[in-house]
Every structure is written in C-alpha cells, then in structure tokens.
Amino acid sequence: MASPVSADTGGHGSVESLVWALSEGLTAAGHDVTVFAAAGSEVAGELVATLPGPYAREGSPGDWHLCEWINLCRAVQESQRFDIVHFHSYLWALPLEPLSRAPMVHTLHIWPYEDDAFLWRSYPKARVTALSHAQWGDFPDLHPVCVVPHGIDPTRFPARTESDGYACYLGSFRPGKGPLEAIAVARAAEMPVVLAGPENGWFTENVAPLIDGEAVRYVGPVTGTARSDLLGGAAALLAPYTSPEPFGLVLIEAMMCGTPVVTTAIGAAPEVVDHGVTGMVVADTNQLPEAVAEAVMLDRRAVRRRAEERFSVARMVDGYLKVYEGIVNPGVR
C-alpha cells in the first residue's frame with residue numbers, strides 16, 4: 001500500500017517530527033511512502049519537493065499559508081499515484097476532496113474551533129482522525145474515524161533514573177500553555193525551573209523580566225539531544241495548561257525520558273498522563289505545588305515503561321495503518 005503524507009513545510013516543529021516518524025515507521029513496515037515537503041527534508045521513501053525551502057527561506061514564499069497550500073495542492077495533483085493521501089495541514093485539504101483521485105485522510109494537530117467544525121460539517125463524509133478523545137469533544141456531532149495518539153522513537157529519548165533536581169517548562173510562550181504558572185509553581189515548590197522554547201513578543205514582555213539565571217533560567221529553543229538531555233535531567237515537567245491541548249507531544253517526550261509530568265486536568269492531558277504513575281493531574285492549579293512534590297517521588301523506571309507501552313512510534317504507525325487498511329480493504333477485518 002502506498003501512503004503519501006502531506007507534510008508541514010516550515011522548520012522542525014512537532015508536526016514535522018511526527019510526519020517524519022510516521023513515514024519512517026510505514027517504510028520500515030514495508031509500505032511505499034511519498035512525502036510532500038520542502039526541498040532538503042529528510043524522509044523515508046520518496047520526497048516530492050514542493051518548495052525550495054521552508055517558509056521565507058531559500059526562495060520560498062514568506063506567507064506560510066501560501067506554502068501550505070502549494071504543498072497540499074501538489075499532493076492532490078499527483079493523487080492518482082497513491083492508494084491513500086494523508087494530510088497534516090490543518091483541515092485545509094477538505095475542499096479538495098472532490099478533486100482527489102485517491103481517498104484522503106485528515107489529521108488536525110491543533111485544538112479545533114468553530115471554523116474547523118464548520119469545514120468538517122461541509123464535507124461530512126471526510127475521514128478525519130483524532131489525536132485524543134478530548135480533541136473533538138466540544139463537537140459531539142462530529143465523529144473521528146479513529147483516535148491515534150502521537151508516538152515517538154524511544155531510542156531518541158534515553159531514560160534517566162535520577163534527575164538534576166530542576167523543574168522544566170518546554171513549549172511555546174503564550175498564556176494558555178502556562179509558562180507564568182510554571183514559574184510560580186516552581187517557586188512554591190522551592191525548585192529551580194529551566195524554561196525552553198523560542199522567544200516571542202509575549203515572552204519578552206511577560207517572561208523575560210522573571211529570569212534571574214538561578215531560580216528561573218532560560219536556555220532558548222532546544223532540539224535533538226539537547227531536548228532529550230533537558231527533559232531527562234528534569235525532576236518534573238511542568239505543563240500547567242490553562243487552555244486545552246489536543247495532545248501534548250512534550251508530555252510523552254518527558255515521560256519517555258523517565259521524567260514525570262505535572263499538569264492540569266484540561267484537554268487531552270488526563271488521557272496522556274496516568275495519574276500517580278507517569279505524573280500528577282490536578283483539577284485546581286492551587287494543587288500544583290503539592291503535585292510536584294508527589295511527582296518527584298514516582299518511580300522513573302515505571303514512567304519510562306508506561307510511556308513505551310502507550311506512546312511508541314510503532315503503536316502510532318499501527319493505528320494509522322488500521323485506518324488506511326480500512327479504507328483500501330473495507331471488507332477485511
């Protein structure tokens with residue numbers, strides 16, 4: 001079965017890493033995979049370079065919306081070559097369903113809002129998958145074909161049985177993610193906190209004044225081994241969300257390193273974190289400091305084991321393969 005995947009074309013974010021892992025896993029399972037992405041992208045199988053580089057680089061347009069549209073339209077243009085076309089570019093490919101010569105699968109990697117629901121309702125037969133049961137919970141009339149949680153390669157996130165004693169916040173700097181809450185929780189728990197992620201205007205105005213280099217440190221954006229080293233060295237990952245997340249990739253990255261997660265019971269977090277096993281999930285942010293104290297006492301080996309059981313890339317690949325096979329061979333179980 002050929003399984004092309006339309007990939008986000010800008011940088012090396014969570015969507016790109018997940019598409020890469022999915023294409024690797026599908027190829028390893030013996031399937032032919034074509035990835036539509038920017039030139040220079042590392043993929044397993046065939047790469048169709050739809051742009052000379054990521055957004056605003058190497059001659060590509062600076063408008064990322066335009067880059068996405070160029071990418072997904074090229075996949076539809078070549079859709080006659082494939083058994084399945086799997087899009088990860090929001091739900092923007094839905095209006096192109098009538099033009100595709102191959103069945104489409106769509107995965108939304110953000111929390112859906114009314115416009116997303118409107119788009120899906122306009123194409124009610126579209127095959128949309130979910131990252132969690134919570135993701136589409138606000139729209140009970142919309143039913144994903146399957147829930148496929150994210151998966152990562154355990155070998156890229158080595159487990160550590162002992163931490164370096166700091167709390168960690170890793171993610172984008174915006175209110176709903178809870179970076180200010182993370183700083184407050186770490187202070188209340190009397191732990192230093194290390195912040196990581198790309199700077200933006202909100203960071204400069206709200207977070208930067210709180211950084212002192214000791215109790216609150218900032219290390220910038222981290223990728224590759226620097227990312228796993230930071231997560232593995234943390235006594236706990238702080239994810240005090242105040243807005244719902246459809247999944248939370250950094251949660252499973254931390255847990256794969258053996259690092260427990262302290263988070264709030266909002267969005268998909270209660271599905272991802274096993275309370276009392278891989279971290280602590282609290283209903284009230286006032287409970288977070290106490291939850292940190294409990295989380296750091298959890299068995300880091302058990303955290304890693306549960307993460308491998310639930311969130312390996314092999315499980316993610318198997319989940320999507322069941323979706324694909326149900327489309328290509330609908331009568332076969």
# chains A, B, ... in the order shown; residues from 1 in each chain; ligands from 1
call {"tool": "residues_around", "arguments": {"residues": "His143 in chain A", "least_positions_apart": "5", "cutoff": "10 Å", "atoms": "only C-alpha atoms", "output": "mmCIF file with all heavy atoms, in the first residue's frame"}}
result
data_model
loop_
_atom_site.group_PDB
_atom_site.id
_atom_site.type_symbol
_atom_site.label_atom_id
_atom_site.label_comp_id
_atom_site.auth_asym_id
_atom_site.auth_seq_id
_atom_site.Cartn_x
_atom_site.Cartn_y
_atom_site.Cartn_z
ATOM 1 N N PRO A 124 -19.119 16.135 5.270
ATOM 2 C CA PRO A 124 -19.398 15.195 6.364
ATOM 3 C C PRO A 124 -18.853 13.791 6.160
ATOM 4 O O PRO A 124 -18.712 13.041 7.120
ATOM 5 C CB PRO A 124 -20.931 15.188 6.438
ATOM 6 C CG PRO A 124 -21.383 15.634 5.075
ATOM 7 C CD PRO A 124 -20.348 16.603 4.615
ATOM 8 N N ARG A 127 -12.761 11.700 6.093
ATOM 9 C CA ARG A 127 -12.157 10.812 7.093
ATOM 10 C C ARG A 127 -11.167 11.631 7.922
ATOM 11 O O ARG A 127 -10.057 11.911 7.469
ATOM 12 C CB ARG A 127 -11.463 9.637 6.414
ATOM 13 C CG ARG A 127 -12.378 8.804 5.512
ATOM 14 C CD ARG A 127 -11.576 7.777 4.740
ATOM 15 N NE ARG A 127 -12.398 7.008 3.828
ATOM 16 C CZ ARG A 127 -12.652 7.355 2.561
ATOM 17 N NH1 ARG A 127 -12.140 8.483 2.075
ATOM 18 N NH2 ARG A 127 -13.405 6.592 1.792
ATOM 19 N N VAL A 128 -11.589 12.012 9.103
ATOM 20 C CA VAL A 128 -10.767 12.823 9.999
ATOM 21 C C VAL A 128 -10.397 11.977 11.204
ATOM 22 O O VAL A 128 -11.271 11.375 11.843
ATOM 23 C CB VAL A 128 -11.520 14.087 10.448
ATOM 24 C CG1 VAL A 128 -10.673 14.903 11.428
ATOM 25 C CG2 VAL A 128 -11.905 14.941 9.239
ATOM 26 N N THR A 129 -9.119 11.908 11.518
ATOM 27 C CA THR A 129 -8.678 11.188 12.709
ATOM 28 C C THR A 129 -8.502 12.178 13.857
ATOM 29 O O THR A 129 -8.430 13.391 13.653
ATOM 30 C CB THR A 129 -7.347 10.452 12.475
ATOM 31 O OG1 THR A 129 -6.296 11.411 12.322
ATOM 32 C CG2 THR A 129 -7.422 9.567 11.234
ATOM 33 N N ALA A 130 -8.422 11.650 15.073
ATOM 34 C CA ALA A 130 -8.220 12.485 16.258
ATOM 35 C C ALA A 130 -6.959 12.052 16.974
ATOM 36 O O ALA A 130 -6.558 10.884 16.906
ATOM 37 C CB ALA A 130 -9.421 12.391 17.193
ATOM 38 N N TRP A 136 -12.044 16.400 19.821
ATOM 39 C CA TRP A 136 -13.277 16.826 19.162
ATOM 40 C C TRP A 136 -14.476 16.747 20.108
ATOM 41 O O TRP A 136 -15.623 16.758 19.663
ATOM 42 C CB TRP A 136 -13.526 15.985 17.911
ATOM 43 C CG TRP A 136 -12.593 16.321 16.786
ATOM 44 C CD1 TRP A 136 -11.426 15.696 16.460
ATOM 45 C CD2 TRP A 136 -12.722 17.406 15.866
ATOM 46 N NE1 TRP A 136 -10.817 16.309 15.388
ATOM 47 C CE2 TRP A 136 -11.596 17.367 14.999
ATOM 48 C CE3 TRP A 136 -13.671 18.412 15.679
ATOM 49 C CZ2 TRP A 136 -11.409 18.286 13.964
ATOM 50 C CZ3 TRP A 136 -13.489 19.333 14.649
ATOM 51 C CH2 TRP A 136 -12.369 19.259 13.812
ATOM 52 N N GLY A 137 -14.204 16.702 21.404
ATOM 53 C CA GLY A 137 -15.278 16.536 22.383
ATOM 54 C C GLY A 137 -16.267 17.677 22.441
ATOM 55 O O GLY A 137 -17.413 17.493 22.874
#
call {"tool": "residues_around", "arguments": {"residues": "range 293-304 of chain A", "least_positions_apart": "4", "cutoff": "9 Å", "atoms": "only C-alpha atoms", "output": "PyMOL selection string"}}
result
chain A and resi 159-162+189+235-236+254-262+276-280+288-289+308-309
call {"tool": "select_by_dssp", "arguments": {"residues": "range 76-160 of chain A", "states": "strand (DSSP E)", "output": "short mmCIF file (atom, residue, chain, number, x, y, z; two decimals) with all heavy atoms, in the first residue's frame"}}
result
data_model
loop_
_atom_site.label_atom_id
_atom_site.label_comp_id
_atom_site.auth_asym_id
_atom_site.auth_seq_id
_atom_site.Cartn_x
_atom_site.Cartn_y
_atom_site.Cartn_z
N VAL A 85 -3.97 9.38 0.54
CA VAL A 85 -3.26 10.63 0.76
C VAL A 85 -3.63 11.12 2.16
O VAL A 85 -4.80 11.33 2.45
CB VAL A 85 -3.62 11.71 -0.29
CG1 VAL A 85 -2.72 12.93 -0.11
CG2 VAL A 85 -3.50 11.17 -1.69
N HIS A 86 -2.61 11.26 3.01
CA HIS A 86 -2.84 11.64 4.40
C HIS A 86 -2.33 13.06 4.61
O HIS A 86 -1.13 13.33 4.48
CB HIS A 86 -2.11 10.67 5.33
CG HIS A 86 -2.43 10.85 6.79
ND1 HIS A 86 -2.02 9.96 7.74
CD2 HIS A 86 -3.12 11.81 7.45
CE1 HIS A 86 -2.44 10.36 8.93
NE2 HIS A 86 -3.10 11.50 8.78
N PHE A 87 -3.23 13.97 4.95
CA PHE A 87 -2.89 15.38 5.10
C PHE A 87 -2.75 15.76 6.57
O PHE A 87 -3.60 15.41 7.40
CB PHE A 87 -3.96 16.26 4.45
CG PHE A 87 -3.95 16.19 2.95
CD1 PHE A 87 -4.76 15.29 2.28
CD2 PHE A 87 -3.12 17.01 2.21
CE1 PHE A 87 -4.74 15.21 0.90
CE2 PHE A 87 -3.10 16.94 0.82
CZ PHE A 87 -3.91 16.04 0.16
N MET A 104 -8.74 10.37 0.89
CA MET A 104 -8.00 11.27 1.77
C MET A 104 -8.22 10.90 3.24
O MET A 104 -9.30 10.45 3.62
CB MET A 104 -8.45 12.72 1.58
CG MET A 104 -8.03 13.38 0.29
SD MET A 104 -8.65 15.11 0.30
CE MET A 104 -7.79 15.77 -1.11
N VAL A 105 -7.19 11.15 4.04
CA VAL A 105 -7.27 11.11 5.50
C VAL A 105 -6.74 12.44 5.99
O VAL A 105 -5.76 12.97 5.46
CB VAL A 105 -6.44 9.95 6.09
CG1 VAL A 105 -6.45 10.00 7.61
CG2 VAL A 105 -6.99 8.60 5.59
N HIS A 106 -7.39 12.99 7.01
CA HIS A 106 -7.01 14.31 7.52
C HIS A 106 -6.75 14.23 9.02
O HIS A 106 -7.55 13.65 9.77
CB HIS A 106 -8.12 15.33 7.27
CG HIS A 106 -8.61 15.37 5.86
ND1 HIS A 106 -8.12 16.24 4.92
CD2 HIS A 106 -9.56 14.61 5.23
CE1 HIS A 106 -8.75 16.04 3.78
NE2 HIS A 106 -9.62 15.05 3.93
N THR A 107 -5.65 14.82 9.45
CA THR A 107 -5.33 14.90 10.88
C THR A 107 -5.09 16.35 11.26
O THR A 107 -4.24 17.01 10.67
CB THR A 107 -4.09 14.06 11.23
OG1 THR A 107 -4.35 12.69 10.89
CG2 THR A 107 -3.78 14.15 12.72
N VAL A 128 -11.59 12.01 9.10
CA VAL A 128 -10.77 12.82 10.00
C VAL A 128 -10.40 11.98 11.20
O VAL A 128 -11.27 11.38 11.84
CB VAL A 128 -11.52 14.09 10.45
CG1 VAL A 128 -10.67 14.90 11.43
CG2 VAL A 128 -11.90 14.94 9.24
N THR A 129 -9.12 11.91 11.52
CA THR A 129 -8.68 11.19 12.71
C THR A 129 -8.50 12.18 13.86
O THR A 129 -8.43 13.39 13.65
CB THR A 129 -7.35 10.45 12.47
OG1 THR A 129 -6.30 11.41 12.32
CG2 THR A 129 -7.42 9.57 11.23
#
call {"tool": "closest_residue", "arguments": {"among": "A:Glu253, A:Ile211, A:Ala117, A:Val185", "to": "Pro154 in chain A", "atoms": "only C-alpha atoms"}}
result
A:Glu253
